[in-house]
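Q: The file below is query.cif, mmCIF, C-alpha atoms:
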data_input
#
loop_
_atom_site.label_atom_id
_atom_site.label_comp_id
_atom_site.auth_asym_id
_atom_site.auth_seq_id
_atom_site.Cartn_x
_atom_site.Cartn_y
_atom_site.Cartn_z
CA MET S 1 0.00 0.00 0.00
CA THR S 2 1.36 3.43 -0.98
CA LEU S 3 2.07 6.32 1.40
CA GLN S 4 -0.80 8.29 -0.14
CA ALA S 5 -3.19 5.41 0.49
CA ILE S 6 -2.06 5.23 4.13
CA LEU S 7 -2.56 8.97 4.54
CA ALA S 8 -6.00 8.76 2.93
CA ILE S 9 -7.02 6.04 5.40
CA ILE S 10 -5.75 8.15 8.32
CA VAL S 11 -7.79 11.14 7.09
CA PHE S 12 -10.81 8.84 6.64
CA PHE S 13 -10.73 7.46 10.19
CA ALA S 14 -9.95 10.89 11.64
CA ALA S 15 -13.01 12.31 9.86
CA VAL S 16 -15.24 9.49 11.17
CA ILE S 17 -14.00 9.97 14.74
CA LEU S 18 -14.51 13.74 14.56
CA LEU S 19 -18.01 13.36 13.10
CA ILE S 20 -19.02 10.99 15.93
CA TRP S 21 -17.21 12.83 18.74
CA LYS S 22 -18.08 16.31 17.40
CA PRO S 23 -15.39 18.31 19.25
CA ILE S 24 -15.68 20.96 16.52
CA HIS S 25 -18.53 22.12 14.29
CA PRO S 26 -19.30 19.82 11.32
CA ILE S 27 -18.72 22.76 8.95
CA LEU S 28 -15.09 22.88 10.08
CA ILE S 29 -14.77 19.14 9.58
CA GLY S 30 -16.20 19.41 6.07
CA ALA S 31 -13.92 22.32 5.19
CA GLY S 32 -10.90 20.68 6.79
CA ILE S 33 -11.08 17.46 4.75
CA PRO S 34 -10.26 18.92 1.29
CA ILE S 35 -7.69 21.26 2.84
CA THR S 36 -5.94 18.29 4.47
CA LEU S 37 -6.12 16.19 1.30
CA ALA S 38 -4.57 19.02 -0.72
CA LEU S 39 -1.85 19.84 1.83
CA LEU S 40 -0.82 16.19 2.08
CA GLY S 41 -0.67 15.91 -1.71
CA ILE S 42 -3.31 13.16 -1.79
CA LEU S 43 -5.38 15.24 -4.21
CA ASP S 44 -4.43 18.38 -6.10
CA ALA S 45 -6.06 21.57 -4.82
CA LYS S 46 -8.39 21.91 -7.80
CA THR S 47 -9.79 18.40 -7.38
CA ALA S 48 -10.03 18.69 -3.60
CA PHE S 49 -12.39 21.68 -3.77
CA ALA S 50 -14.22 20.84 -7.02
CA ASP S 51 -17.21 19.31 -5.24
CA PHE S 52 -18.30 22.62 -3.73
CA ALA S 53 -19.90 23.27 -7.12
CA ASN S 54 -20.85 19.75 -8.25
CA THR S 55 -24.32 18.88 -9.53
CA THR S 56 -25.33 17.07 -6.32
CA VAL S 57 -24.68 20.18 -4.22
CA ILE S 58 -26.52 22.42 -6.72
CA PHE S 59 -29.44 19.98 -6.80
CA PHE S 60 -29.77 19.75 -3.02
CA MET S 61 -29.40 23.47 -2.31
CA SER S 62 -31.92 24.39 -5.02
CA LEU S 63 -34.48 21.97 -3.55
CA LEU S 64 -34.11 23.66 -0.17
CA VAL S 65 -35.07 27.00 -1.73
CA ILE S 66 -38.15 25.50 -3.40
CA GLY S 67 -39.14 23.78 -0.15
CA ALA S 68 -38.72 27.02 1.80
CA ALA S 69 -41.09 28.78 -0.63
CA ILE S 70 -43.71 26.05 -0.16
CA PHE S 71 -43.49 26.45 3.61
CA LYS S 72 -43.31 30.28 3.51
CA THR S 73 -46.42 30.74 1.33
CA GLY S 74 -48.49 28.53 3.64
CA LEU S 75 -49.08 25.82 1.01
CA ALA S 76 -47.68 23.07 3.23
CA ASP S 77 -49.79 24.27 6.16
CA LEU S 78 -52.93 24.25 4.02
CA ILE S 79 -52.31 20.68 2.86
CA GLY S 80 -51.56 19.57 6.41
CA GLU S 81 -54.62 21.22 7.93
CA LYS S 82 -57.03 19.71 5.40
CA LEU S 83 -55.68 16.17 5.49
CA ILE S 84 -54.97 15.86 9.21
CA GLY S 85 -58.38 17.37 9.93
CA LEU S 86 -60.04 14.46 8.12
CA LEU S 87 -58.57 11.88 10.52
CA GLY S 88 -57.57 13.85 13.59
CA LYS S 89 -60.45 13.23 15.96
CA SER S 90 -58.75 10.76 18.32
CA GLU S 91 -55.28 9.89 19.55
CA LYS S 92 -54.71 7.27 16.84
CA GLY S 93 -56.51 9.40 14.27
CA ILE S 94 -54.20 12.34 14.86
CA MET S 95 -51.18 10.03 14.79
CA MET S 96 -52.28 8.40 11.52
CA GLY S 97 -53.32 11.68 9.92
CA SER S 98 -50.11 13.49 10.82
CA GLY S 99 -48.06 10.43 9.84
CA ILE S 100 -49.60 10.16 6.37
CA VAL S 101 -49.28 13.91 5.73
CA ALA S 102 -45.71 14.07 7.08
CA ALA S 103 -44.65 11.09 4.96
CA GLY S 104 -46.35 12.51 1.87
CA LEU S 105 -44.85 15.98 2.21
CA SER S 106 -41.35 14.84 3.15
CA ALA S 107 -41.26 12.56 0.10
CA PHE S 108 -40.85 15.80 -1.87
CA LEU S 109 -39.80 18.40 0.71
CA ASN S 110 -37.21 18.80 3.45
CA ASP S 111 -38.16 16.52 6.35
CA THR S 112 -37.19 19.04 9.04
CA GLY S 113 -39.22 21.78 7.36
CA THR S 114 -42.16 19.39 7.03
CA THR S 115 -42.00 18.59 10.74
CA GLY S 116 -41.77 22.27 11.65
CA CYS S 117 -44.81 23.27 9.63
CA LEU S 118 -46.91 20.37 10.93
CA ILE S 119 -46.13 20.81 14.64
CA PRO S 120 -48.60 23.71 15.13
CA ILE S 121 -51.28 21.88 13.12
CA VAL S 122 -50.86 18.67 15.10
CA SER S 123 -50.77 20.70 18.33
CA SER S 124 -54.09 22.32 17.49
CA MET S 125 -55.69 18.99 16.59
CA ALA S 126 -54.36 17.33 19.75
CA LYS S 127 -55.70 20.16 21.88
CA LYS S 128 -59.18 19.86 20.35
CA ALA S 129 -59.19 16.07 20.82
CA LYS S 130 -57.74 16.39 24.36
CA VAL S 131 -54.77 14.20 23.43
CA PRO S 132 -51.38 14.79 25.12
CA LEU S 133 -49.11 16.41 22.53
CA SER S 134 -46.19 14.21 23.58
CA LYS S 135 -48.16 11.18 22.37
CA VAL S 136 -48.06 12.30 18.75
CA LEU S 137 -45.05 14.56 18.10
CA MET S 138 -42.47 11.77 18.04
CA SER S 139 -44.50 9.79 15.51
CA LEU S 140 -44.72 12.96 13.40
CA ALA S 141 -40.91 13.18 13.36
CA PHE S 142 -40.53 9.48 12.57
CA PHE S 143 -42.89 9.65 9.60
CA ALA S 144 -41.17 12.73 8.24
CA SER S 145 -38.01 10.61 8.14
CA LEU S 146 -39.75 7.54 6.72
CA GLY S 147 -41.52 9.54 4.02
CA GLY S 148 -38.20 10.89 2.82
CA THR S 149 -37.29 7.37 1.69
CA ILE S 150 -39.99 7.34 -1.00
CA THR S 151 -38.40 9.50 -3.72
CA LEU S 152 -35.00 10.49 -5.02
CA ILE S 153 -35.37 13.99 -3.59
CA GLY S 154 -36.97 12.97 -0.28
CA THR S 155 -33.75 12.91 1.70
CA THR S 156 -30.15 14.01 1.22
CA PRO S 157 -28.64 10.48 1.44
CA HIS S 158 -30.60 9.51 -1.69
CA ILE S 159 -29.25 12.48 -3.61
CA VAL S 160 -25.70 11.83 -2.42
CA ALA S 161 -25.88 8.08 -3.13
CA ASN S 162 -27.25 8.71 -6.61
CA GLY S 163 -24.46 11.18 -7.38
CA LEU S 164 -21.78 8.75 -6.23
CA LEU S 165 -23.37 5.88 -8.16
CA VAL S 166 -23.35 7.90 -11.39
CA ASP S 167 -19.77 9.04 -10.74
CA ALA S 168 -18.78 5.37 -10.46
CA GLY S 169 -20.14 4.73 -13.95
CA TYR S 170 -23.45 3.07 -13.06
CA GLN S 171 -26.98 4.03 -14.04
CA GLY S 172 -28.53 6.43 -11.55
CA PHE S 173 -31.74 5.71 -9.69
CA GLY S 174 -35.10 6.68 -11.15
CA PHE S 175 -37.12 9.39 -9.42
CA PHE S 176 -39.59 6.91 -7.90
CA GLU S 177 -37.27 3.88 -7.75
CA PHE S 178 -36.90 4.38 -4.01
CA ALA S 179 -40.69 4.06 -3.62
CA LYS S 180 -40.44 0.30 -4.16
CA ILE S 181 -38.83 0.09 -0.73
CA GLY S 182 -39.82 3.41 0.84
CA ILE S 183 -43.58 2.84 0.58
CA PRO S 184 -43.46 -0.63 2.22
CA ILE S 185 -41.26 0.80 4.98
CA THR S 186 -43.68 3.68 5.57
CA ILE S 187 -46.70 1.36 5.60
CA ALA S 188 -44.94 -1.01 8.02
CA GLY S 189 -44.12 2.01 10.19
CA LEU S 190 -47.74 3.15 10.20
CA ILE S 191 -48.91 -0.30 11.26
CA TYR S 192 -46.29 -0.49 14.02
CA MET S 193 -47.06 2.98 15.36
CA TYR S 194 -50.84 2.44 15.22
CA PHE S 195 -50.87 -0.83 17.15
CA PHE S 196 -47.71 -0.67 19.29
CA GLY S 197 -45.69 2.54 19.05
CA ILE S 198 -48.48 4.82 20.24
CA LYS S 199 -48.68 2.76 23.44
CA LEU S 200 -44.97 3.32 24.10
CA MET S 201 -45.18 7.11 23.75
CA PRO S 202 -44.66 8.95 27.05
CA ILE S 203 -47.13 11.41 28.51
CA LYS S 204 -45.34 14.68 29.33
CA ASP S 205 -46.47 18.02 30.69
CA ILE S 206 -45.14 20.46 28.11
CA SER S 207 -45.49 24.14 27.32
CA GLU S 208 -46.81 25.25 23.94
CA ASP S 209 -45.15 28.66 24.14
CA ASN S 210 -42.13 27.72 22.01
CA LEU S 211 -43.95 25.72 19.33
CA PRO S 212 -43.58 26.87 15.69
CA GLN S 213 -46.36 29.07 14.34
CA LEU S 214 -48.46 28.60 11.21
CA ALA S 215 -47.28 30.48 8.16
CA GLU S 216 -49.34 33.39 6.86
CA LYS S 217 -51.16 32.04 3.81
CA ASP S 218 -50.93 33.86 0.46
CA PRO S 219 -53.32 32.19 -2.04
CA LYS S 220 -51.73 33.77 -5.12
CA LYS S 221 -48.22 32.73 -4.14
CA MET S 222 -49.41 29.28 -3.08
CA ILE S 223 -50.75 28.69 -6.60
CA ILE S 224 -47.54 29.96 -8.20
CA VAL S 225 -45.25 27.81 -6.06
CA ALA S 226 -47.51 24.77 -6.53
CA VAL S 227 -47.35 25.13 -10.33
CA VAL S 228 -43.56 25.62 -10.22
CA PHE S 229 -43.11 22.61 -7.96
CA ILE S 230 -45.29 20.32 -10.09
CA PHE S 231 -43.42 21.44 -13.21
CA ILE S 232 -40.06 20.70 -11.59
CA ILE S 233 -41.19 17.25 -10.39
CA TYR S 234 -42.41 16.51 -13.92
CA CYS S 235 -39.07 17.59 -15.40
CA MET S 236 -37.12 15.37 -13.03
CA ALA S 237 -39.45 12.35 -13.28
CA SER S 238 -39.69 12.49 -17.07
CA GLY S 239 -36.07 13.39 -17.74
CA LEU S 240 -37.13 16.52 -19.63
CA LEU S 241 -34.28 18.39 -17.90
CA PRO S 242 -31.25 17.22 -15.91
CA MET S 243 -32.24 17.06 -12.25
CA HIS S 244 -29.86 19.74 -11.02
CA LEU S 245 -30.94 22.09 -13.85
CA ALA S 246 -34.64 21.49 -13.12
CA ALA S 247 -34.11 22.19 -9.42
CA ALA S 248 -32.03 25.31 -10.08
CA LEU S 249 -34.71 26.58 -12.48
CA GLY S 250 -37.39 26.02 -9.85
CA ALA S 251 -35.36 27.87 -7.22
CA LEU S 252 -34.89 30.80 -9.59
CA LEU S 253 -38.60 30.92 -10.47
CA VAL S 254 -39.86 30.99 -6.87
CA VAL S 255 -37.52 33.91 -6.15
CA LEU S 256 -38.36 35.81 -9.35
CA THR S 257 -42.10 35.46 -8.65
CA ASN S 258 -41.59 36.79 -5.10
CA CYS S 259 -42.80 33.58 -3.47
CA ILE S 260 -39.67 33.93 -1.40
CA THR S 261 -37.12 36.73 -1.09
CA VAL S 262 -33.46 36.41 -2.00
CA GLU S 263 -32.58 36.72 1.69
CA GLU S 264 -35.03 33.96 2.64
CA ALA S 265 -33.65 31.78 -0.15
CA ILE S 266 -30.13 32.22 1.18
CA ASP S 267 -31.31 31.51 4.74
CA SER S 268 -32.83 28.22 3.54
CA PHE S 269 -29.41 26.87 2.54
CA SER S 270 -28.04 24.16 4.82
CA VAL S 271 -24.45 25.34 5.10
CA THR S 272 -23.53 22.35 7.27
CA THR S 273 -24.77 19.90 4.64
CA LEU S 274 -23.05 21.88 1.87
CA PHE S 275 -19.66 21.64 3.58
CA LEU S 276 -20.09 17.99 4.57
CA VAL S 277 -21.13 16.86 1.09
CA ALA S 278 -18.47 18.98 -0.61
CA GLY S 279 -15.86 17.84 1.93
CA ILE S 280 -16.56 14.11 2.04
CA PHE S 281 -17.00 13.64 -1.72
CA PRO S 282 -13.27 14.34 -2.33
CA LEU S 283 -12.43 12.03 0.57
CA SER S 284 -14.31 9.26 -1.25
CA THR S 285 -12.38 10.16 -4.42
CA ALA S 286 -9.08 10.04 -2.53
CA LEU S 287 -9.84 6.62 -1.03
CA ILE S 288 -10.58 5.19 -4.47
CA GLU S 289 -7.80 6.86 -6.47
CA THR S 290 -5.06 5.96 -3.96
CA GLY S 291 -6.22 2.36 -3.68
CA ALA S 292 -7.08 2.78 0.01
CA ALA S 293 -10.72 1.81 -0.56
CA ASP S 294 -9.63 -1.40 -2.28
CA TYR S 295 -7.44 -2.22 0.72
CA ILE S 296 -10.26 -1.60 3.23
CA VAL S 297 -12.82 -3.48 1.15
CA SER S 298 -10.49 -6.43 0.57
CA GLY S 299 -10.31 -6.82 4.34
CA LEU S 300 -14.08 -6.59 4.66
CA SER S 301 -14.64 -8.89 1.70
CA LEU S 302 -12.87 -11.75 3.46
CA HIS S 303 -15.85 -11.80 5.82
CA LEU S 304 -18.72 -10.30 3.82
CA THR S 305 -18.28 -12.28 0.60
CA LYS S 306 -18.48 -15.52 2.58
CA LEU S 307 -22.05 -14.59 3.46
CA SER S 308 -25.00 -15.51 1.28
CA PRO S 309 -26.39 -12.50 -0.61
CA ILE S 310 -29.33 -12.00 1.74
CA PHE S 311 -27.04 -11.96 4.78
CA LEU S 312 -24.63 -9.61 3.01
CA TYR S 313 -27.50 -7.21 2.37
CA ALA S 314 -28.59 -7.64 5.99
CA ALA S 315 -25.05 -6.88 7.21
CA VAL S 316 -24.64 -3.77 5.04
CA THR S 317 -28.08 -2.46 6.02
CA GLY S 318 -27.57 -3.25 9.70
CA ILE S 319 -24.15 -1.58 9.88
CA THR S 320 -25.54 1.54 8.21
CA ILE S 321 -28.53 1.69 10.59
CA ILE S 322 -26.26 1.41 13.62
CA LEU S 323 -23.81 4.06 12.39
CA THR S 324 -26.52 6.50 11.31
CA GLN S 325 -27.68 6.84 14.91
CA PHE S 326 -24.41 8.65 15.63
CA LEU S 327 -23.22 10.08 12.29
CA MET S 328 -24.95 12.61 10.05
CA ASN S 329 -26.70 10.53 7.41
CA THR S 330 -25.31 12.66 4.59
CA SER S 331 -21.68 12.14 5.56
CA LEU S 332 -22.27 8.47 6.39
CA THR S 333 -23.72 7.85 2.93
CA ALA S 334 -20.80 9.56 1.21
CA ILE S 335 -18.38 7.41 3.21
CA LEU S 336 -20.11 4.05 2.77
CA VAL S 337 -21.38 4.14 -0.83
CA PRO S 338 -17.96 3.88 -2.59
CA MET S 339 -17.05 0.97 -0.33
CA GLY S 340 -20.46 -0.61 -0.84
CA ILE S 341 -19.93 -0.54 -4.60
CA LEU S 342 -16.59 -2.33 -4.23
CA VAL S 343 -18.06 -4.90 -1.83
CA ALA S 344 -20.89 -5.58 -4.28
CA GLN S 345 -18.39 -6.08 -7.10
CA SER S 346 -16.37 -8.53 -4.96
CA ALA S 347 -19.52 -10.47 -4.08
CA SER S 348 -20.85 -10.41 -7.68
CA LEU S 349 -23.95 -8.48 -6.60
CA ASP S 350 -25.64 -5.58 -8.36
CA PRO S 351 -23.90 -2.48 -6.92
CA ARG S 352 -27.13 -0.52 -7.34
CA GLY S 353 -28.82 -2.84 -4.85
CA VAL S 354 -26.11 -2.38 -2.21
CA VAL S 355 -26.09 1.39 -2.73
CA MET S 356 -29.88 1.41 -2.40
CA ALA S 357 -29.62 -0.48 0.90
CA ILE S 358 -27.10 2.04 2.24
CA ALA S 359 -29.11 5.06 1.08
CA MET S 360 -32.32 3.73 2.63
CA ALA S 361 -30.73 2.62 5.89
CA ALA S 362 -29.07 6.01 6.38
CA SER S 363 -32.56 7.43 7.04
CA ALA S 364 -33.24 5.05 9.93
CA ALA S 365 -31.78 7.32 12.63
CA LEU S 366 -34.82 6.77 14.85
CA CYS S 367 -33.26 5.80 18.17
CA THR S 368 -31.67 9.07 19.29
CA PRO S 369 -32.97 12.65 19.59
CA PHE S 370 -30.08 14.01 17.53
CA GLY S 371 -30.20 11.36 14.80
CA THR S 372 -32.25 13.50 12.42
CA GLY S 373 -33.51 17.07 12.10
CA PRO S 374 -37.13 16.04 12.79
CA ASN S 375 -36.13 14.11 15.94
CA LEU S 376 -34.17 17.09 17.20
CA LEU S 377 -37.02 19.49 16.41
CA VAL S 378 -39.60 17.63 18.53
CA TRP S 379 -37.16 16.71 21.34
CA GLU S 380 -37.79 19.85 23.40
CA ALA S 381 -41.29 20.46 22.04
CA GLY S 382 -42.40 17.01 23.21
CA GLY S 383 -40.43 17.05 26.45
CA TYR S 384 -38.81 13.73 25.57
CA ASP S 385 -35.87 12.00 27.22
CA PHE S 386 -33.14 10.08 25.38
CA GLN S 387 -34.61 6.75 26.45
CA ASP S 388 -38.02 7.67 25.01
CA TYR S 389 -36.52 7.63 21.52
CA MET S 390 -34.82 4.29 22.12
CA LYS S 391 -37.98 2.72 23.53
CA VAL S 392 -40.11 3.65 20.53
CA GLY S 393 -37.41 3.86 17.86
CA ILE S 394 -35.49 0.57 18.26
CA PRO S 395 -38.42 -1.69 17.21
CA LEU S 396 -39.12 0.62 14.26
CA ALA S 397 -35.44 0.55 13.24
CA ILE S 398 -35.54 -3.27 13.31
CA ILE S 399 -38.63 -3.25 11.08
CA PHE S 400 -36.80 -0.81 8.78
CA TRP S 401 -33.81 -3.19 8.64
CA ILE S 402 -35.91 -6.26 7.81
CA VAL S 403 -38.05 -4.57 5.14
CA THR S 404 -35.03 -2.93 3.46
CA THR S 405 -33.02 -6.16 3.40
CA ILE S 406 -35.81 -8.31 1.99
CA SER S 407 -36.89 -5.67 -0.54
CA CYS S 408 -33.36 -5.16 -1.89
CA VAL S 409 -32.89 -8.91 -2.33
CA ILE S 410 -36.21 -9.22 -4.18
CA ILE S 411 -35.74 -6.14 -6.39
CA TYR S 412 -32.02 -6.33 -7.19
CA GLY S 413 -31.55 -10.08 -7.07
CA VAL S 414 -28.95 -12.35 -5.53
#
Before anything else, please render the file you have as structure tokens.
A:
Amino acid sequence: MTLQAILAIIVFFAAVILLIWKPIHPILIGAGIPITLALLGILDAKTAFADFANTTVIFFMSLLVIGAAIFKTGLADLIGEKLIGLLGKSEKGIMMGSGIVAAGLSAFLNDTGTTGCLIPIVSSMAKKAKVPLSKVLMSLAFFASLGGTITLIGTTPHIVANGLLVDAGYQGFGFFEFAKIGIPITIAGLIYMYFFGIKLMPIKDISEDNLPQLAEKDPKKMIIVAVVFIFIIYCMASGLLPMHLAAALGALLVVLTNCITVEEAIDSFSVTTLFLVAGIFPLSTALIETGAADYIVSGLSLHLTKLSPIFLYAAVTGITIILTQFLMNTSLTAILVPMGILVAQSASLDPRGVVMAIAMAASAALCTPFGTGPNLLVWEAGGYDFQDYMKVGIPLAIIFWIVTTISCVIIYGV
């Protein structure tokens, strides 16, 4: 193994440790990775920083702007109010209604934004039905995460995994290809929460003073942003325009039509995600180009390739689910996908299936309050303790693991 490969592995493990330990802000970790790679001569400076403007970053950031416009104009609130109101007349009704709406919205919009806009709606419904708010907020957060698994744009890991898959020379995922697994997972989650999870939810005395407020509705802007959003989804699903171009066009249109201001568009950017994606992509490149990834995977392959395909899928999915409880799912996906492709090649499996398993499993951060944005958002609002998430989330994560494993084997073969 070359010196550059050894250095790349050292940077890799240092990045993982820092992302788990979090002694410094993730933005600094993301920025520090390409700087370190360039200074050590592992990658040239141009290559190390090239991913700050790659199509995956443009795609993701543009979608955040469109999502912010949908939330700002009150369109998301209107959809949530109407649909949750149809079912929200009991504890289970509110849970089911908010779960279906959260999953549906987050399949196309930012899951944290979806959770934020639905909290005041669910709070109002719970108050009318005399249901403790803490009994439904956690399920709202869970379904915002589960719903994100349904489409290519539903969650950042899908976007990142697709970008890495294409970069590796494989066919990218279709817009609704994730739905083949995401919908069964969401349905299984609804069944679990309806019959079992709701019984595990704690009852807490909480204040409603700090809950998010409903957006001020603007009918004209709601229509404009709805038309823009539908057009963009059509472009991406049909292939009429490249995905990053369609998303960028949509972001430009919602700003030009004053559905959202330039300042609000800029505020919608996730700077942390930008730096992590742009920082870890070159790390993946460095691991592959120096041969370090081959070295790591050859060690793993001695154990993984001895497994039958279904157990290999189960191992990959299980490892990802465990790690995603502690690592940001975006960075975890960028780290694991290149290795997953190599493992799949060694085991003579379809790399797209292994990448799909990793991308799906990265969204199963259900057992900790800081695992996802939605979980973090309802942590204080619901008055939850760390163990509350583990009590309700661990069985759901196991269901997630089983459904993902079986679905990937059926869809992508053995």
Q: Taking all atoms listed in the file into account, name the residue in S:Leu78, S:Ile399, S:Cys367, S:Ile410 that is nearest to Gln387 in chain S.
A: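 Comparing S:Leu78, S:Ile399, S:Cys367, S:Ile410 against Gln387 in chain S, the winner is S:Cys367.
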Q: CA of Leu349 in chain S and CA of Gln325 in chain S are how many Å apart?
A: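 Computing it gives 26.7 Å between the two atoms.
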Q: Starting from the displayed file, determine the output of the PyMOL selection byres ((chain S and resi 390) around 12) and express the residue list as a PyMOL selection string.
A: chain S and resi 138+197+200-202+325+365-371+375+384-389+391-398
Q: Check what the PyMOL selection byres ((chain S and resi 318) around 12) selects in the file above and give those residues as a ChimeraX atom specification.
A: /S:310-317,319-325,357-358,360-362,364-365,397-405
Q: Determine the nearest neighbour of Ala344 in chain S from the options S:Met243, S:Met356, S:Leu332, S:Val11, counting all atoms listed in the file.
A: S:Met356
Q: Just give me the gap between CA of Gly291 in chain S and CA of Ala5 in chain S in Å, one decimal is fine.
A: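 These two atoms are separated by 6.0 Å.
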Q: Identify which of the residues S:Thr155, S:Asn110, S:Ser134, S:Ser139 lies closest to Ser363 in chain S, counting only C-alpha atoms when measuring atom-to-atom distances.
A: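 When distances to Ser363 in chain S are compared using only C-alpha atoms, the smallest one comes from S:Thr155.
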Q: Would you mind listing what lies within 8 Å of Leu140 in chain S as a VMD selection string, with all atoms listed in the file counted and same-chain residues fewer than 6 positions away left out?
A: chain S and resid 95 98 to 99 102 115
Q: For CA of Gly169 in chain S and CA of Pro338 in chain S, determine how far apart the two atoms are, in Å to one decimal place.
A: 11.6 Å
Q: Starting from the displayed file, determine the output of the PyMOL selection byres ((chain S and resi 119-129) around 10) and express the residue list as a PDB file with C-alpha atoms, in the coordinates of the input.
A:
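Result went into out.pdb, see below:
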ATOM      1  CA  ASP S  77     -49.790  24.270   6.160  1.00  0.00           C
ATOM      2  CA  LEU S  78     -52.930  24.250   4.020  1.00  0.00           C
ATOM      3  CA  GLY S  80     -51.560  19.570   6.410  1.00  0.00           C
ATOM      4  CA  GLU S  81     -54.620  21.220   7.930  1.00  0.00           C
ATOM      5  CA  LYS S  82     -57.030  19.710   5.400  1.00  0.00           C
ATOM      6  CA  ILE S  84     -54.970  15.860   9.210  1.00  0.00           C
ATOM      7  CA  GLY S  85     -58.380  17.370   9.930  1.00  0.00           C
ATOM      8  CA  LEU S  87     -58.570  11.880  10.520  1.00  0.00           C
ATOM      9  CA  GLY S  88     -57.570  13.850  13.590  1.00  0.00           C
ATOM     10  CA  LYS S  89     -60.450  13.230  15.960  1.00  0.00           C
ATOM     11  CA  SER S  90     -58.750  10.760  18.320  1.00  0.00           C
ATOM     12  CA  GLU S  91     -55.280   9.890  19.550  1.00  0.00           C
ATOM     13  CA  GLY S  93     -56.510   9.400  14.270  1.00  0.00           C
ATOM     14  CA  ILE S  94     -54.200  12.340  14.860  1.00  0.00           C
ATOM     15  CA  MET S  95     -51.180  10.030  14.790  1.00  0.00           C
ATOM     16  CA  GLY S  97     -53.320  11.680   9.920  1.00  0.00           C
ATOM     17  CA  SER S  98     -50.110  13.490  10.820  1.00  0.00           C
ATOM     18  CA  THR S 114     -42.160  19.390   7.030  1.00  0.00           C
ATOM     19  CA  THR S 115     -42.000  18.590  10.740  1.00  0.00           C
ATOM     20  CA  GLY S 116     -41.770  22.270  11.650  1.00  0.00           C
ATOM     21  CA  CYS S 117     -44.810  23.270   9.630  1.00  0.00           C
ATOM     22  CA  LEU S 118     -46.910  20.370  10.930  1.00  0.00           C
ATOM     23  CA  LYS S 130     -57.740  16.390  24.360  1.00  0.00           C
ATOM     24  CA  VAL S 131     -54.770  14.200  23.430  1.00  0.00           C
ATOM     25  CA  PRO S 132     -51.380  14.790  25.120  1.00  0.00           C
ATOM     26  CA  LEU S 133     -49.110  16.410  22.530  1.00  0.00           C
ATOM     27  CA  SER S 134     -46.190  14.210  23.580  1.00  0.00           C
ATOM     28  CA  LYS S 135     -48.160  11.180  22.370  1.00  0.00           C
ATOM     29  CA  VAL S 136     -48.060  12.300  18.750  1.00  0.00           C
ATOM     30  CA  LEU S 137     -45.050  14.560  18.100  1.00  0.00           C
ATOM     31  CA  LEU S 140     -44.720  12.960  13.400  1.00  0.00           C
ATOM     32  CA  ALA S 141     -40.910  13.180  13.360  1.00  0.00           C
ATOM     33  CA  GLU S 208     -46.810  25.250  23.940  1.00  0.00           C
ATOM     34  CA  LEU S 211     -43.950  25.720  19.330  1.00  0.00           C
ATOM     35  CA  PRO S 212     -43.580  26.870  15.690  1.00  0.00           C
ATOM     36  CA  GLN S 213     -46.360  29.070  14.340  1.00  0.00           C
ATOM     37  CA  LEU S 214     -48.460  28.600  11.210  1.00  0.00           C
ATOM     38  CA  ALA S 215     -47.280  30.480   8.160  1.00  0.00           C
ATOM     39  CA  LEU S 377     -37.020  19.490  16.410  1.00  0.00           C
ATOM     40  CA  VAL S 378     -39.600  17.630  18.530  1.00  0.00           C
ATOM     41  CA  ALA S 381     -41.290  20.460  22.040  1.00  0.00           C
TER      42      ALA S 381
END
Q: Using all atoms listed in the file for the distances, tell me which of S:Ala188, S:Ile35, S:Ile150, S:Ala246 is nearest to Ala50 in chain S.
A: S:Ile35
Q: With only C-alpha atoms as the basis for distance, which of S:Ile100, S:Ile33, S:Ala293, S:Leu274 is at the shortest distance from Tyr194 in chain S?
A: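 Looking at the shortest contact to Tyr194 in chain S, the residue is S:Ile100.
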Q: Which centre and which edge lengths, in Å to one decimal, describe the axis-aligned box that holds all listed atoms of range 241-250 of chain S after 4 Å is added on each side, as lines of an AutoDock Vina configuration file?
A:
center_x = -33.6
center_y = 21.8
center_z = -13.7
size_x = 15.5
size_y = 17.5
size_z = 16.5
Q: Using all atoms listed in the file, which residue out of S:Gly30, S:Gly250, S:Pro219, S:Gly174 lies closest to Leu75 in chain S?
A: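 Selected residue with least distance to Leu75 in chain S: S:Pro219.
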Q: Please return as a list of chain:residue names every residue within 10 Å of (-25.6, 23.0, -4.1), taking into account all atoms listed in the file and the file's own coordinates.
A: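 With a cut-off of 10 Å, the residues come to S:Asp51, S:Phe52, S:Ala53, S:Asn54, S:Thr55, S:Thr56, S:Val57, S:Ile58, S:Phe59, S:Phe60, S:Met61, S:Ser62, S:Leu63, S:Leu64, S:His244, S:Ala248, S:Phe269, S:Ser270, S:Val271, S:Thr273, S:Leu274, S:Phe275, S:Val277, S:Ala278.
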